[in-house]
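Asker: Questions regarding the structure given below will be posed in turn.
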2 protein chains.
Amino acid sequence: MTNMTTDQLVKEIKRKQSFLCIGLDVDLNIIPERLLKEEDPIFAFNKAIIDATHQLCVAYKPNTAFYEAYGIKGWQALEKTIDYLNENYPEIFTIADAKRGDIGNTSTMYAKAFFEDLAFDSVTVAPYMGKDSVEPFLAFKNKHTILLALTSNQGAFDFQTKTVENQELYKQVLETSKTWNNSENLMYVVGATKAEYLAEIREIIPDSFLLVPGVGAQGGNLQDVCKYGMNDSVGLLINSSRGIIYASKGNNFALAAANKAAELQKEMKAILG
Amino acid sequence: MTNMTTDQLVKEIKRKQSFLCIGLDVDLNIIPERLLKEEDPIFAFNKAIIDATHQLCVAYKPNTAFYEAYGIKGWQALEKTIDYLNENYPEIFTIADAKRGDIGNTSTMYAKAFFEDLAFDSVTVAPYMGKDSVEPFLAFKNKHTILLALTSNQGAFDFQTKTVENQELYKQVLETSKTWNNSENLMYVVGATKAEYLAEIREIIPDSFLLVPGVGAQGGNLQDVCKYGMNDSVGLLINSSRGIIYASKGNNFALAAANKAAELQKEMKAILG
């Protein structure tokens, strides 16, 4: 959808019995060779994945790096992908995984790019530059700003978990962001590889949605994430990218992706039930 | 240039008696109306600015937000701008002000986008995700990664200046980044609005180049920045964006930009002499 509320997202989660987000990180070196003959191989791949999996997930998350790496053609593929989602599957929550952030007027340009021009429901944003770099995103009504808090990579321990004024930096980010204008439009990135941190995170932001990468390829565990991170409105979007979209590198890739997504959806259904 | 070394940059600074960087942050709502009739107004604006100012500066810095906000047309204008610079003014150091950063394999995609596909000399990168989000950029030979340390905006005080293990977070970023692989390819963003911090920053990174935004429109002072931030190889790139490119909003905008750039170059020449 292009203006999806959190309530609508929760409704979709309950209807589909899934809080799965599929990462559309398309690498032309990995996708089936026959797709390379298509006019737009990236979009052809995404379309096949989306058509095969849309009933099993509630969100798709293209990471912009994988599109920018192919220049104008990549940007076109990103545009086609989000247009295809908004036209054919308006019930889907869309995330531009862009990790942007800049001084005020510049962040407004990024927000326009992702919320208006591309019409995503949400965008990921980095917190390092503080309040006036994030508020321009938060100013958009019925759009969601997903702030990096605790990421799934090893480098998260370089700064995010360091102690700042008696609490870890990522907790400081959570606490501080709650005071920003329109903070009700915030969601947060919290890596599944650090599931044990989720209990303390939930003390600071009990109601917010969390986008959780790192299940699957990066080693995070779904049961642990749900045990510590789930709230009354579910409050979780679990992302899997490579584990689903590259489940098979053969011509049956879309079916293989659907099977992998179905496995996760089944696990989620059991947890929700 | 597409593979400019720091030595070559220093040589250009001495030859031109300038360490000015001009920010190409093109906003179609501000540029002269007659340009809107051009096939590519953003590129037409940039070309006029570049042709009028290239002898007065050593670097240009397009901020990617201003291009992404115009979708595919914006990305095309960015591509044309960097191609125009590399073909016609190979002595110019080019900076993609993109503030990117993601987990390892994804950062590699961003690095490819800016270093290979677009052939910039350098790109700005955010530090929040730590070592494995920055090293993929550093792995590119004769390319420069400009890490956000202390930014020029008010939000810099939200996290960057908070104390982490007995020193401010931005100092922790400086110290830690020195231990990363290929750290000799690092430069740093330090805002001119915080010139008084530069003396202590120079104690940690005496030799690195600093990209200094915030002179002019944001209120930073050139004399102060040089007093505390200059090293034996100059070590500074002072950026001005709006103060130069929007010096006039009339048809004489390129001439007005050149006059403004010449004022700054004259000040820089006096400081270098």
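In the structure tokens, the first chain shown is A, the next is B, and so on; residue numbers restart at 1 for each chain, and ligands run from 1 in the order shown.
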Taking only C-alpha atoms into account, what are the residues of chain B at most 6 Å from chain A, put as JSON, numbers by chain?

Answerer: {"B": [65, 66, 68, 69, 109, 110, 112, 113, 129, 130, 131, 132, 155, 156, 158, 163, 164]}

Asker: Near segment 267-272 of chain B, within 8 Å and counting only C-alpha atoms, which residues show up once chain neighbours fewer than 6 positions away are dropped, as a PDB file with all heavy atoms, in the first residue's frame?

Answerer:
```
ATOM      1  N   GLN B  17      45.832  27.131  -5.409  1.00  0.00           N
ATOM      2  CA  GLN B  17      45.739  27.947  -4.182  1.00  0.00           C
ATOM      3  C   GLN B  17      44.300  27.958  -3.667  1.00  0.00           C
ATOM      4  O   GLN B  17      43.738  29.008  -3.316  1.00  0.00           O
ATOM      5  CB  GLN B  17      46.253  29.374  -4.447  1.00  0.00           C
ATOM      6  CG  GLN B  17      47.758  29.422  -4.732  1.00  0.00           C
ATOM      7  CD  GLN B  17      48.583  29.235  -3.457  1.00  0.00           C
ATOM      8  OE1 GLN B  17      48.577  30.059  -2.561  1.00  0.00           O
ATOM      9  NE2 GLN B  17      49.291  28.100  -3.351  1.00  0.00           N
ATOM     10  N   SER B  18      43.757  26.780  -3.612  1.00  0.00           N
ATOM     11  CA  SER B  18      42.367  26.642  -3.168  1.00  0.00           C
ATOM     12  C   SER B  18      42.137  25.248  -2.608  1.00  0.00           C
ATOM     13  O   SER B  18      42.668  24.270  -3.136  1.00  0.00           O
ATOM     14  CB  SER B  18      41.415  26.860  -4.346  1.00  0.00           C
ATOM     15  OG  SER B  18      40.085  26.498  -3.989  1.00  0.00           O
ATOM     16  N   PHE B  19      41.383  25.178  -1.532  1.00  0.00           N
ATOM     17  CA  PHE B  19      40.942  23.867  -1.030  1.00  0.00           C
ATOM     18  C   PHE B  19      39.421  23.869  -0.908  1.00  0.00           C
ATOM     19  O   PHE B  19      38.824  23.258  -0.031  1.00  0.00           O
ATOM     20  CB  PHE B  19      41.629  23.484   0.285  1.00  0.00           C
ATOM     21  CG  PHE B  19      41.775  24.595   1.290  1.00  0.00           C
ATOM     22  CD1 PHE B  19      40.892  24.722   2.348  1.00  0.00           C
ATOM     23  CD2 PHE B  19      42.823  25.521   1.189  1.00  0.00           C
ATOM     24  CE1 PHE B  19      41.015  25.735   3.279  1.00  0.00           C
ATOM     25  CE2 PHE B  19      42.956  26.554   2.126  1.00  0.00           C
ATOM     26  CZ  PHE B  19      42.053  26.657   3.169  1.00  0.00           C
ATOM     27  N   CYS B 226      40.609  26.719   9.631  1.00  0.00           N
ATOM     28  CA  CYS B 226      42.004  26.579   9.199  1.00  0.00           C
ATOM     29  C   CYS B 226      42.951  26.655  10.391  1.00  0.00           C
ATOM     30  O   CYS B 226      43.932  25.920  10.472  1.00  0.00           O
ATOM     31  CB  CYS B 226      42.355  27.656   8.181  1.00  0.00           C
ATOM     32  SG  CYS B 226      41.449  27.412   6.640  1.00  0.00           S
TER      33      CYS B 226
END
```

Asker: If you run DSSP over the backbone, which residues in segment 2-52 of chain B end up helix (DSSP H, G or I)? Put them as number ranges by chain.

Answerer: B: 6-16, 33-37, 41-52

Asker: Write the selection just made, keeping N, CA and C atoms, as a PDB file, in the first residue's frame?

Answerer:
```pdb
ATOM      1  N   THR B   6      45.843  11.058  -2.713  1.00  0.00           N
ATOM      2  CA  THR B   6      45.892  12.222  -1.823  1.00  0.00           C
ATOM      3  C   THR B   6      47.011  13.165  -2.264  1.00  0.00           C
ATOM      4  N   ASP B   7      48.140  12.598  -2.691  1.00  0.00           N
ATOM      5  CA  ASP B   7      49.248  13.444  -3.170  1.00  0.00           C
ATOM      6  C   ASP B   7      48.826  14.316  -4.349  1.00  0.00           C
ATOM      7  N   GLN B   8      48.101  13.720  -5.258  1.00  0.00           N
ATOM      8  CA  GLN B   8      47.636  14.491  -6.422  1.00  0.00           C
ATOM      9  C   GLN B   8      46.680  15.604  -5.983  1.00  0.00           C
ATOM     10  N   LEU B   9      45.838  15.285  -5.006  1.00  0.00           N
ATOM     11  CA  LEU B   9      44.904  16.285  -4.493  1.00  0.00           C
ATOM     12  C   LEU B   9      45.659  17.454  -3.858  1.00  0.00           C
ATOM     13  N   VAL B  10      46.686  17.138  -3.066  1.00  0.00           N
ATOM     14  CA  VAL B  10      47.486  18.190  -2.410  1.00  0.00           C
ATOM     15  C   VAL B  10      48.170  19.069  -3.464  1.00  0.00           C
ATOM     16  N   LYS B  11      48.674  18.415  -4.519  1.00  0.00           N
ATOM     17  CA  LYS B  11      49.324  19.153  -5.605  1.00  0.00           C
ATOM     18  C   LYS B  11      48.335  20.130  -6.268  1.00  0.00           C
ATOM     19  N   GLU B  12      47.125  19.671  -6.495  1.00  0.00           N
ATOM     20  CA  GLU B  12      46.100  20.532  -7.089  1.00  0.00           C
ATOM     21  C   GLU B  12      45.751  21.709  -6.169  1.00  0.00           C
ATOM     22  N   ILE B  13      45.690  21.427  -4.884  1.00  0.00           N
ATOM     23  CA  ILE B  13      45.393  22.492  -3.912  1.00  0.00           C
ATOM     24  C   ILE B  13      46.465  23.576  -3.987  1.00  0.00           C
ATOM     25  N   LYS B  14      47.722  23.142  -4.101  1.00  0.00           N
ATOM     26  CA  LYS B  14      48.822  24.116  -4.141  1.00  0.00           C
ATOM     27  C   LYS B  14      48.839  24.872  -5.466  1.00  0.00           C
ATOM     28  N   ARG B  15      48.548  24.158  -6.532  1.00  0.00           N
ATOM     29  CA  ARG B  15      48.543  24.800  -7.848  1.00  0.00           C
ATOM     30  C   ARG B  15      47.422  25.849  -7.956  1.00  0.00           C
ATOM     31  N   LYS B  16      46.251  25.477  -7.477  1.00  0.00           N
ATOM     32  CA  LYS B  16      45.111  26.394  -7.594  1.00  0.00           C
ATOM     33  C   LYS B  16      44.999  27.365  -6.427  1.00  0.00           C
ATOM     34  N   GLU B  33      14.432  29.887 -13.826  1.00  0.00           N
ATOM     35  CA  GLU B  33      13.322  29.286 -14.566  1.00  0.00           C
ATOM     36  C   GLU B  33      13.662  28.883 -15.986  1.00  0.00           C
ATOM     37  N   ARG B  34      14.526  29.668 -16.642  1.00  0.00           N
ATOM     38  CA  ARG B  34      14.797  29.358 -18.047  1.00  0.00           C
ATOM     39  C   ARG B  34      15.438  27.972 -18.221  1.00  0.00           C
ATOM     40  N   LEU B  35      16.125  27.493 -17.150  1.00  0.00           N
ATOM     41  CA  LEU B  35      16.762  26.166 -17.241  1.00  0.00           C
ATOM     42  C   LEU B  35      15.730  25.040 -17.268  1.00  0.00           C
ATOM     43  N   LEU B  36      14.553  25.297 -16.726  1.00  0.00           N
ATOM     44  CA  LEU B  36      13.527  24.249 -16.669  1.00  0.00           C
ATOM     45  C   LEU B  36      13.073  23.827 -18.062  1.00  0.00           C
ATOM     46  N   LYS B  37      13.357  24.681 -19.070  1.00  0.00           N
ATOM     47  CA  LYS B  37      13.004  24.327 -20.450  1.00  0.00           C
ATOM     48  C   LYS B  37      14.038  23.404 -21.088  1.00  0.00           C
ATOM     49  N   PRO B  41      17.413  19.835 -16.893  1.00  0.00           N
ATOM     50  CA  PRO B  41      17.689  21.084 -16.160  1.00  0.00           C
ATOM     51  C   PRO B  41      18.776  20.929 -15.087  1.00  0.00           C
ATOM     52  N   ILE B  42      18.782  19.782 -14.402  1.00  0.00           N
ATOM     53  CA  ILE B  42      19.766  19.601 -13.322  1.00  0.00           C
ATOM     54  C   ILE B  42      21.177  19.597 -13.908  1.00  0.00           C
ATOM     55  N   PHE B  43      21.367  18.825 -14.972  1.00  0.00           N
ATOM     56  CA  PHE B  43      22.694  18.777 -15.584  1.00  0.00           C
ATOM     57  C   PHE B  43      23.066  20.128 -16.191  1.00  0.00           C
ATOM     58  N   ALA B  44      22.103  20.786 -16.821  1.00  0.00           N
ATOM     59  CA  ALA B  44      22.385  22.106 -17.418  1.00  0.00           C
ATOM     60  C   ALA B  44      22.878  23.076 -16.342  1.00  0.00           C
ATOM     61  N   PHE B  45      22.235  23.027 -15.183  1.00  0.00           N
ATOM     62  CA  PHE B  45      22.648  23.881 -14.066  1.00  0.00           C
ATOM     63  C   PHE B  45      24.063  23.511 -13.616  1.00  0.00           C
ATOM     64  N   ASN B  46      24.291  22.218 -13.384  1.00  0.00           N
ATOM     65  CA  ASN B  46      25.616  21.778 -12.928  1.00  0.00           C
ATOM     66  C   ASN B  46      26.713  22.147 -13.922  1.00  0.00           C
ATOM     67  N   LYS B  47      26.464  21.907 -15.197  1.00  0.00           N
ATOM     68  CA  LYS B  47      27.458  22.180 -16.233  1.00  0.00           C
ATOM     69  C   LYS B  47      27.847  23.662 -16.211  1.00  0.00           C
ATOM     70  N   ALA B  48      26.850  24.519 -16.106  1.00  0.00           N
ATOM     71  CA  ALA B  48      27.132  25.962 -16.073  1.00  0.00           C
ATOM     72  C   ALA B  48      27.952  26.334 -14.832  1.00  0.00           C
ATOM     73  N   ILE B  49      27.572  25.760 -13.690  1.00  0.00           N
ATOM     74  CA  ILE B  49      28.308  26.034 -12.446  1.00  0.00           C
ATOM     75  C   ILE B  49      29.740  25.514 -12.554  1.00  0.00           C
ATOM     76  N   ILE B  50      29.902  24.297 -13.047  1.00  0.00           N
ATOM     77  CA  ILE B  50      31.236  23.685 -13.145  1.00  0.00           C
ATOM     78  C   ILE B  50      32.120  24.482 -14.106  1.00  0.00           C
ATOM     79  N   ASP B  51      31.583  24.795 -15.285  1.00  0.00           N
ATOM     80  CA  ASP B  51      32.380  25.539 -16.266  1.00  0.00           C
ATOM     81  C   ASP B  51      32.832  26.889 -15.711  1.00  0.00           C
ATOM     82  N   ALA B  52      31.994  27.485 -14.875  1.00  0.00           N
ATOM     83  CA  ALA B  52      32.313  28.821 -14.352  1.00  0.00           C
ATOM     84  C   ALA B  52      33.231  28.801 -13.136  1.00  0.00           C
TER      85      ALA B  52
END
```

Asker: Quick one: pull the distance between atom CA of Ile31 of chain B and atom CA of Thr2 of chain B, Å, one decimal.

Answerer: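 Spanning atom CA of Ile31 of chain B to atom CA of Thr2 of chain B is a straight-line distance of 28.4 Å.
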
Asker: Can you tell me which residues surround Leu56 of chain A at a distance of at most 8 Å, considering only C-alpha atoms, apart from same-chain residues fewer than 5 positions away, and format the answer as a PyMOL selection string?

Answerer: chain A and resi 16+18+20+258+261-262+265

Asker: Any chance you could export the current selection's C-alpha atoms as a PDB file, in the first residue's frame?

Answerer:
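Writing the result to again03.pdb gives the following:
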```pdb
ATOM      1  CA  LYS A  16      -2.253 -14.177   6.705  1.00  0.00           C
ATOM      2  CA  SER A  18       2.456 -14.356   8.959  1.00  0.00           C
ATOM      3  CA  LEU A  20       7.312 -12.392   7.292  1.00  0.00           C
ATOM      4  CA  ALA A 258       7.608 -20.050  -1.950  1.00  0.00           C
ATOM      5  CA  ALA A 261       8.578 -18.787   2.758  1.00  0.00           C
ATOM      6  CA  ALA A 262       5.846 -21.336   3.542  1.00  0.00           C
ATOM      7  CA  GLN A 265       4.953 -18.843   7.626  1.00  0.00           C
TER       8      GLN A 265
END
```

Asker: From a backbone DSSP assignment, name each residue in segment 3-35 of chain B labelled strand (DSSP E), as a list in words.

Answerer: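 So the strand (DSSP E) residues in segment 3-35 of chain B would be Leu20, Cys21, Ile22, Gly23 and Leu24 of chain B.
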
Asker: What does the distance between atom CA of Phe93 of chain B and atom CA of Ala247 of chain B come to in Å, to one decimal place?

Answerer: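 These two atoms are separated by 22.7 Å.
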
Asker: Got a sec: who's within 10 Å of Tyr246 of chain B, counting only C-alpha atoms, leaving out chain neighbours fewer than 6 positions off, as a short mmCIF file (atom, residue, chain, number, x, y, z; two decimals) with C-alpha atoms, in the first residue's frame?

Answerer:
```cif
data_model
loop_
_atom_site.label_atom_id
_atom_site.label_comp_id
_atom_site.auth_asym_id
_atom_site.auth_seq_id
_atom_site.Cartn_x
_atom_site.Cartn_y
_atom_site.Cartn_z
CA ASP B 25 22.78 20.22 -4.41
CA VAL B 26 20.41 21.15 -7.18
CA ASP B 27 16.83 22.00 -6.29
CA ILE B 30 15.37 27.33 -6.81
CA ILE B 31 17.31 27.28 -10.11
CA PRO B 32 16.60 29.94 -12.78
CA PHE B 253 23.74 32.50 -11.59
CA ALA B 254 26.96 30.95 -12.94
CA ALA B 256 27.52 34.98 -9.38
CA ALA B 257 28.64 31.51 -8.26
CA LYS B 260 31.37 33.85 -4.62
#
```

Asker: Which residues, written as a ChimeraX atom specification, have at least one atom at most 10 Å from Ala139 of chain B, with only C-alpha atoms counted and residues fewer than 6 positions away on the same chain left out?

Answerer: /B:108,111,145,181-183,185

Asker: Can you work out the spacing between atom CA of Val215 of chain A and atom CA of Ser240 of chain A in Å, to one decimal?

Answerer: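 Atom-to-atom, atom CA of Val215 of chain A and atom CA of Ser240 of chain A are spaced 6.0 Å apart.
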